[in-house]
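Here is the structure we will look at.
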Amino acid sequence: MIQDEVPVSAQTIQWRCIESKIESKRLHYGRFVISPFRKGQANTVGIAVRRALLGEVEGTAITYAKSKNVIHEYSTVIGIKESINDILINLKEIVLRSDSYETQKAFISVTGPKDVTAKDISLPPSVETIDDSQHIATITKDITLDIEMEIQKNRGYRIPDSKESQAGEFFIDAVFMPIRKANYSIHSFENNKKIQEILFIEIWTDGSLTPKEALYEASRNLVDLFLPFLHAEEEKIISERDEKKESNENILLANSISTDINKMAKEVAFKNIFIDQLELPARAYNCLKKVNVHTISDLLKYNQDDLRKIKNFGKKSVDQVLEALQERFAIYLPKNKFSID
């Protein structure tokens, strides 16, 4: 039955989306199939991808709110139906998408009577709301609701220290988890008298990214986690082989193989690491995206002079890219195509 529905190759593992639907603005669903695996491999991949989806995919959340004339979070304000605590809970549930890793400022300044929703939040250009209809508060009288907020991009769940809060200032429990739910299942079939497996992955997101984007980011982050193993010190590898090799000829061969493997590993890895990992400011990040620089491999095709030729990409942006590459990957871009270093 499964063989008829999903054609598989005995040579190359392939994946595709077999079902995608938008159940609401804040609930997107996708189902993916990956095959063929040898017996036992599908479970290894399924466990790793599911954990990466739930813990390694980044999201955006409101982490701080400040309001004047408020003593503590359980205060009530005459003319506002909800308590301050209810408003903070509503702010925590607002679904956002951000292109920046810097802390962003947002504001609400609304005069009632009015139903205050996510649409009333004044956001910076790099941040957007997914569902403008999300409820925040109900103003029942002719008063003004003023709230100053901070928005951050991160991953996982963060509980702030309540001692940090002062009168009128509130640090909000931040849920940086755009994945609502992730499941996987495995189906076996026989191919040329060999048992092979098909992996099905189901993903539900909050709408800030599609299930396909979530699977892509989770897979990319898994690659990043294993990079230290690919970048083992070449000297250490060679010294371990020296103990087993007696002749100089074999040692030279080991050096050559090690260098080739290391070079190939880096090339493969950099093709799967996106420039998001550099955590560049929005200006530099967006300029690179406009010229189709999506991965570290794409970026390494440029030298410093090439970067300066990109529209709106000034010296400050070049310095930010150089610093990020040096800090995260120990890579130095040459000044021009004639540079030796």
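Identifiers for the structure tokens are assigned positionally: chains receive A, B, ... in sequence, residues are indexed from 1 per chain, and ligands are indexed from 1 in the order shown.
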
Pull the closest atom pair for each residue of region 40-96 of chain A that gets at most 9 Å from region 185-206 of chain A, along with the distance in Å to one decimal, counting only C-alpha atoms, ordering rows by chain and then ascending residue number, as a tab-separated table.
```
residue	atom	partner	partner_atom	distance
A:Gly40	CA	A:Glu197	CA	7.9
A:Gln41	CA	A:Glu197	CA	7.9
A:Ala42	CA	A:Leu199	CA	5.6
A:Asn43	CA	A:Ile186	CA	7.2
A:Val45	CA	A:Leu199	CA	8.4
A:Gly46	CA	A:Leu199	CA	7.1
A:Val49	CA	A:Ile201	CA	8.8
A:Arg50	CA	A:Ile201	CA	8.2
A:Leu53	CA	A:Ile203	CA	8.5
A:Val95	CA	A:Asp206	CA	7.1
```

Mind dumping the selected residues with N, CA and C atoms as a PDB file, in the first residue's frame?
```pdb
ATOM      1  N   GLY A  40      15.967   0.690  10.869  1.00  0.00           N
ATOM      2  CA  GLY A  40      16.484   1.356  12.066  1.00  0.00           C
ATOM      3  C   GLY A  40      16.883   2.799  11.850  1.00  0.00           C
ATOM      4  N   GLN A  41      17.194   3.185  10.611  1.00  0.00           N
ATOM      5  CA  GLN A  41      17.638   4.557  10.352  1.00  0.00           C
ATOM      6  C   GLN A  41      16.512   5.570  10.506  1.00  0.00           C
ATOM      7  N   ALA A  42      15.309   5.207  10.084  1.00  0.00           N
ATOM      8  CA  ALA A  42      14.184   6.150  10.125  1.00  0.00           C
ATOM      9  C   ALA A  42      13.902   6.610  11.545  1.00  0.00           C
ATOM     10  N   ASN A  43      14.015   5.705  12.507  1.00  0.00           N
ATOM     11  CA  ASN A  43      13.770   6.075  13.898  1.00  0.00           C
ATOM     12  C   ASN A  43      14.841   7.037  14.409  1.00  0.00           C
ATOM     13  N   VAL A  45      16.567   9.234  12.620  1.00  0.00           N
ATOM     14  CA  VAL A  45      16.301  10.541  12.031  1.00  0.00           C
ATOM     15  C   VAL A  45      15.047  11.161  12.619  1.00  0.00           C
ATOM     16  N   GLY A  46      13.994  10.361  12.795  1.00  0.00           N
ATOM     17  CA  GLY A  46      12.728  10.872  13.323  1.00  0.00           C
ATOM     18  C   GLY A  46      12.877  11.487  14.701  1.00  0.00           C
ATOM     19  N   VAL A  49      15.018  14.827  14.397  1.00  0.00           N
ATOM     20  CA  VAL A  49      14.288  15.934  13.761  1.00  0.00           C
ATOM     21  C   VAL A  49      13.175  16.446  14.666  1.00  0.00           C
ATOM     22  N   ARG A  50      12.456  15.547  15.323  1.00  0.00           N
ATOM     23  CA  ARG A  50      11.365  15.987  16.210  1.00  0.00           C
ATOM     24  C   ARG A  50      11.911  16.828  17.364  1.00  0.00           C
ATOM     25  N   LEU A  53      12.915  20.196  16.028  1.00  0.00           N
ATOM     26  CA  LEU A  53      11.737  21.020  15.740  1.00  0.00           C
ATOM     27  C   LEU A  53      11.217  21.680  17.012  1.00  0.00           C
ATOM     28  N   VAL A  95       1.391  36.271  18.419  1.00  0.00           N
ATOM     29  CA  VAL A  95       2.308  35.578  17.516  1.00  0.00           C
ATOM     30  C   VAL A  95       2.988  36.597  16.607  1.00  0.00           C
TER      31      VAL A  95
END
```

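The list of residues with at least one atom within 10 Å of Asp86 (chain A), based on only C-alpha atoms and without residues fewer than 2 positions apart in the same chain, reads Glu73, Tyr74, Thr76, Lys81, Glu82, Ser83, Ile84, Leu88, Ile89, Asn90, Leu91, Lys92, Ile136 and Ala137 of chain A.
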
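Remark: for Lys25 (chain A), the closest of the candidate residues A:Ile94, A:Val77, A:Ile296, A:Ala61 is A:Ile94 (distances computed over only C-alpha atoms).
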
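For the atom pair formed by CA of Asn312 (chain A) and CA of Ser122 (chain A), the distance is 25.7 Å, given to one decimal.
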
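Once region 113-116 of chain A and its same-chain neighbours fewer than 6 positions away are set aside, Gly79, Ile80, Lys81, Glu82, Ile87, Asn90, Leu91, Asp132, Ser133, Gln134, His135, Ile136, Ala137, Thr138, Ile139, Thr140, Lys141, Asp142, Ile143, Thr144, Leu145, Asp146 and Ile147 of chain A remain within 12 Å of it when counting only C-alpha atoms.
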
Shell around Phe274 (chain A) at 8 Å using only C-alpha atoms, local window under 5 positions removed, as a ChimeraX atom specification: /A:220,294-296

Emit the selected residues as a PDB file, in the first residue's frame, including N, CA and C atoms.
```pdb
ATOM      1  N   ARG A 220      18.797  22.252   9.485  1.00  0.00           N
ATOM      2  CA  ARG A 220      19.996  23.094   9.416  1.00  0.00           C
ATOM      3  C   ARG A 220      20.664  23.191  10.791  1.00  0.00           C
ATOM      4  N   HIS A 294      22.298  33.365   0.713  1.00  0.00           N
ATOM      5  CA  HIS A 294      21.467  32.692   1.712  1.00  0.00           C
ATOM      6  C   HIS A 294      22.278  31.822   2.671  1.00  0.00           C
ATOM      7  N   THR A 295      23.392  31.270   2.196  1.00  0.00           N
ATOM      8  CA  THR A 295      24.198  30.386   3.026  1.00  0.00           C
ATOM      9  C   THR A 295      25.607  30.937   3.206  1.00  0.00           C
ATOM     10  N   ILE A 296      26.340  30.337   4.135  1.00  0.00           N
ATOM     11  CA  ILE A 296      27.739  30.724   4.329  1.00  0.00           C
ATOM     12  C   ILE A 296      28.528  30.435   3.062  1.00  0.00           C
TER      13      ILE A 296
END
```

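Residue nearest Ser35 (chain A) within the list A:Lys311, A:Ser297, A:Glu150, A:Ile13: A:Ile13 [criterion: smallest interatomic distance, only C-alpha atoms].
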
Atomic distance CA of Ser219 (chain A) - CA of Ile159 (chain A), expressed in Å with one decimal: 26.6 Å

Between A:Asp224, A:Lys301, A:Ile22, A:Cys287, which one has atoms that come closest to Arg328 (chain A), using only C-alpha atoms? A:Asp224

Looking at A:Asp131, A:Ala118, A:Lys66, A:Leu288, which one is nearest to Leu27 (chain A), with distances taken over only C-alpha atoms? A:Asp131

Do a neighbour search on Glu217 (chain A) at 12 Å with only C-alpha atoms, toss out local chain neighbours closer than 3 positions, and write the hits as a short mmCIF file (atom, residue, chain, number, x, y, z; two decimals) with N, CA and C atoms, in the first residue's frame.
```
data_model
loop_
_atom_site.label_atom_id
_atom_site.label_comp_id
_atom_site.auth_asym_id
_atom_site.auth_seq_id
_atom_site.Cartn_x
_atom_site.Cartn_y
_atom_site.Cartn_z
N VAL A 49 15.02 14.83 14.40
CA VAL A 49 14.29 15.93 13.76
C VAL A 49 13.18 16.45 14.67
N ARG A 50 12.46 15.55 15.32
CA ARG A 50 11.37 15.99 16.21
C ARG A 50 11.91 16.83 17.36
N ALA A 52 14.69 18.53 17.39
CA ALA A 52 15.18 19.79 16.83
C ALA A 52 14.02 20.73 16.52
N LEU A 53 12.91 20.20 16.03
CA LEU A 53 11.74 21.02 15.74
C LEU A 53 11.22 21.68 17.01
N LEU A 54 11.17 20.93 18.09
CA LEU A 54 10.59 21.44 19.34
C LEU A 54 11.55 22.30 20.15
N GLY A 55 12.87 22.10 19.94
CA GLY A 55 13.81 22.83 20.79
C GLY A 55 14.80 23.73 20.10
N GLU A 56 14.98 23.59 18.78
CA GLU A 56 16.04 24.33 18.10
C GLU A 56 15.53 25.36 17.10
N VAL A 57 14.23 25.37 16.81
CA VAL A 57 13.68 26.34 15.86
C VAL A 57 13.39 27.65 16.58
N GLU A 58 13.82 28.75 16.01
CA GLU A 58 13.71 30.04 16.69
C GLU A 58 12.34 30.68 16.48
N GLY A 59 11.92 31.44 17.48
CA GLY A 59 10.66 32.17 17.41
C GLY A 59 10.82 33.56 18.01
N ARG A 155 15.12 30.94 21.13
CA ARG A 155 14.55 29.61 21.02
C ARG A 155 14.24 29.05 22.42
N PRO A 178 7.81 28.31 17.90
CA PRO A 178 6.77 28.41 16.87
C PRO A 178 6.15 27.07 16.48
N ILE A 179 6.72 25.97 16.97
CA ILE A 179 6.17 24.65 16.66
C ILE A 179 5.15 24.27 17.73
N LEU A 209 5.96 30.78 10.78
CA LEU A 209 6.71 30.15 9.70
C LEU A 209 5.94 28.94 9.23
N THR A 210 6.17 28.52 8.01
CA THR A 210 5.46 27.38 7.46
C THR A 210 6.09 26.08 7.97
N PRO A 211 5.36 24.97 7.94
CA PRO A 211 5.96 23.69 8.33
C PRO A 211 7.21 23.36 7.52
N LYS A 212 7.21 23.71 6.24
CA LYS A 212 8.38 23.45 5.40
C LYS A 212 9.57 24.27 5.88
N GLU A 213 9.36 25.54 6.22
CA GLU A 213 10.43 26.38 6.76
C GLU A 213 10.94 25.82 8.09
N ALA A 214 10.00 25.32 8.91
CA ALA A 214 10.37 24.76 10.21
C ALA A 214 11.25 23.52 10.04
N ARG A 220 18.80 22.25 9.49
CA ARG A 220 20.00 23.09 9.42
C ARG A 220 20.66 23.19 10.79
N ASN A 221 19.84 23.34 11.84
CA ASN A 221 20.39 23.45 13.18
C ASN A 221 21.00 22.14 13.66
N LEU A 222 20.45 21.01 13.19
CA LEU A 222 21.06 19.72 13.51
C LEU A 222 22.46 19.63 12.91
N VAL A 223 22.60 20.12 11.68
CA VAL A 223 23.93 20.15 11.04
C VAL A 223 24.89 20.99 11.88
N ASP A 224 24.42 22.14 12.36
CA ASP A 224 25.26 23.03 13.16
C ASP A 224 25.75 22.33 14.44
N ASN A 272 24.94 24.17 4.01
CA ASN A 272 23.75 23.92 4.82
C ASN A 272 23.64 24.84 6.01
N ILE A 273 24.57 25.80 6.12
CA ILE A 273 24.49 26.78 7.21
C ILE A 273 24.05 28.11 6.61
N PHE A 274 22.93 28.62 7.08
CA PHE A 274 22.38 29.85 6.52
C PHE A 274 22.94 31.06 7.27
N ILE A 275 22.93 32.20 6.60
CA ILE A 275 23.51 33.41 7.18
C ILE A 275 22.75 33.88 8.42
N ASP A 276 21.59 33.29 8.69
CA ASP A 276 20.88 33.60 9.93
C ASP A 276 21.77 33.33 11.15
N GLN A 277 22.64 32.31 11.02
CA GLN A 277 23.49 31.92 12.14
C GLN A 277 24.52 32.99 12.49
#
```

Please extract the residues of region 97-184 of chain A with a backbone DSSP assignment of strand (DSSP E or B) and present them as a ChimeraX atom specification. /A:97-98,104-111,114-117,122,127-129,135-139,144-154,156-158,169-171,174-176,179-184

Go ahead and save the picked residues with C-alpha atoms, as a PDB file, in the first residue's frame.
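This is the output file selection.pdb:
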```
ATOM      1  CA  ARG A  97       7.708  37.095  13.146  1.00  0.00           C
ATOM      2  CA  SER A  98      11.024  38.961  13.171  1.00  0.00           C
ATOM      3  CA  GLN A 104      13.180  45.586  19.242  1.00  0.00           C
ATOM      4  CA  LYS A 105      10.872  48.211  20.780  1.00  0.00           C
ATOM      5  CA  ALA A 106       7.098  48.237  20.272  1.00  0.00           C
ATOM      6  CA  PHE A 107       4.302  50.431  21.628  1.00  0.00           C
ATOM      7  CA  ILE A 108       0.573  50.551  22.257  1.00  0.00           C
ATOM      8  CA  SER A 109      -1.116  53.928  22.686  1.00  0.00           C
ATOM      9  CA  VAL A 110      -4.890  53.647  22.275  1.00  0.00           C
ATOM     10  CA  THR A 111      -7.765  55.796  23.545  1.00  0.00           C
ATOM     11  CA  LYS A 114     -12.101  50.315  22.082  1.00  0.00           C
ATOM     12  CA  ASP A 115     -11.245  46.654  21.771  1.00  0.00           C
ATOM     13  CA  VAL A 116      -7.416  46.618  21.664  1.00  0.00           C
ATOM     14  CA  THR A 117      -5.917  43.928  19.411  1.00  0.00           C
ATOM     15  CA  SER A 122       3.196  49.897  16.663  1.00  0.00           C
ATOM     16  CA  VAL A 127       8.712  42.676  13.029  1.00  0.00           C
ATOM     17  CA  GLU A 128       5.191  41.721  11.951  1.00  0.00           C
ATOM     18  CA  THR A 129       2.104  40.290  13.630  1.00  0.00           C
ATOM     19  CA  HIS A 135      -7.188  40.284  21.703  1.00  0.00           C
ATOM     20  CA  ILE A 136      -5.144  42.323  24.194  1.00  0.00           C
ATOM     21  CA  ALA A 137      -7.563  44.446  26.259  1.00  0.00           C
ATOM     22  CA  THR A 138     -10.975  46.112  26.305  1.00  0.00           C
ATOM     23  CA  ILE A 139     -11.124  49.845  27.109  1.00  0.00           C
ATOM     24  CA  THR A 144      -5.683  55.958  27.100  1.00  0.00           C
ATOM     25  CA  LEU A 145      -3.839  52.676  27.382  1.00  0.00           C
ATOM     26  CA  ASP A 146      -0.074  53.178  27.028  1.00  0.00           C
ATOM     27  CA  ILE A 147       2.261  50.175  26.984  1.00  0.00           C
ATOM     28  CA  GLU A 148       5.920  50.048  26.001  1.00  0.00           C
ATOM     29  CA  MET A 149       7.232  46.593  25.016  1.00  0.00           C
ATOM     30  CA  GLU A 150      10.424  44.779  24.073  1.00  0.00           C
ATOM     31  CA  ILE A 151      10.509  42.004  21.461  1.00  0.00           C
ATOM     32  CA  GLN A 152      13.244  39.402  21.134  1.00  0.00           C
ATOM     33  CA  LYS A 153      14.056  36.440  18.895  1.00  0.00           C
ATOM     34  CA  ASN A 154      15.358  33.275  20.524  1.00  0.00           C
ATOM     35  CA  GLY A 156      12.954  27.514  23.770  1.00  0.00           C
ATOM     36  CA  TYR A 157      11.190  28.911  26.834  1.00  0.00           C
ATOM     37  CA  ARG A 158      12.476  31.591  29.197  1.00  0.00           C
ATOM     38  CA  GLU A 169       7.735  47.148  34.663  1.00  0.00           C
ATOM     39  CA  PHE A 170       7.032  43.498  33.914  1.00  0.00           C
ATOM     40  CA  PHE A 171       9.255  40.766  32.470  1.00  0.00           C
ATOM     41  CA  ALA A 174       8.694  34.185  26.767  1.00  0.00           C
ATOM     42  CA  VAL A 175       7.720  31.249  24.559  1.00  0.00           C
ATOM     43  CA  PHE A 176      10.131  31.218  21.598  1.00  0.00           C
ATOM     44  CA  ILE A 179       6.168  24.648  16.663  1.00  0.00           C
ATOM     45  CA  ARG A 180       2.839  23.703  18.254  1.00  0.00           C
ATOM     46  CA  LYS A 181       3.280  19.971  17.771  1.00  0.00           C
ATOM     47  CA  ALA A 182       5.499  17.502  15.891  1.00  0.00           C
ATOM     48  CA  ASN A 183       4.946  13.794  15.299  1.00  0.00           C
ATOM     49  CA  TYR A 184       6.622  11.100  13.241  1.00  0.00           C
TER      50      TYR A 184
END
```

Atomic separation - CA of Cys17 (chain A) relative to CA of Tyr101 (chain A), Å: 29.3 Å

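Distance check against Ile71 (chain A) using only C-alpha atoms: of A:Gln320, A:Thr12, A:Gln166, A:Gln304, the minimum falls on A:Gln166.
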
Need the shell around Asn303 (chain A): protein/DNA/RNA residues with any atom at most 7 Å away, counting only C-alpha atoms. Skip same-chain ones fewer than 2 positions apart. Format as a list in words? Lys301, Asp305, Asp306, Leu307, Leu333, Pro334, Lys335, Asn336 and Lys337 of chain A

Write out, as a short mmCIF file (atom, residue, chain, number, x, y, z; two decimals), in the first residue's frame, the residues just selected, with N, CA and C atoms.
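Wrote it out as again19.cif, contents follow:
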```
data_model
loop_
_atom_site.label_atom_id
_atom_site.label_comp_id
_atom_site.auth_asym_id
_atom_site.auth_seq_id
_atom_site.Cartn_x
_atom_site.Cartn_y
_atom_site.Cartn_z
N LYS A 301 31.77 33.33 -1.54
CA LYS A 301 32.07 33.65 -2.93
C LYS A 301 32.42 35.14 -3.09
N ASP A 305 35.82 43.72 -1.14
CA ASP A 305 35.48 44.70 -2.18
C ASP A 305 34.13 44.38 -2.81
N ASP A 306 33.85 43.09 -3.01
CA ASP A 306 32.56 42.69 -3.58
C ASP A 306 31.41 43.10 -2.67
N LEU A 307 31.60 42.93 -1.37
CA LEU A 307 30.54 43.29 -0.42
C LEU A 307 30.25 44.79 -0.46
N LEU A 333 37.51 36.86 5.24
CA LEU A 333 37.30 37.15 3.82
C LEU A 333 38.46 37.98 3.28
N PRO A 334 39.01 37.63 2.13
CA PRO A 334 40.09 38.44 1.54
C PRO A 334 39.57 39.82 1.13
N LYS A 335 40.48 40.78 1.06
CA LYS A 335 40.09 42.14 0.70
C LYS A 335 39.64 42.23 -0.75
N ASN A 336 40.33 41.49 -1.63
CA ASN A 336 39.94 41.47 -3.03
C ASN A 336 40.38 40.14 -3.64
N LYS A 337 40.11 39.95 -4.92
CA LYS A 337 40.40 38.67 -5.56
C LYS A 337 41.90 38.41 -5.73
#
```

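For the choices A:Phe329, A:Tyr216, A:Phe32, A:Tyr302, the atom-to-atom distance to Leu278 (chain A) is smallest for A:Phe329 when using only C-alpha atoms.
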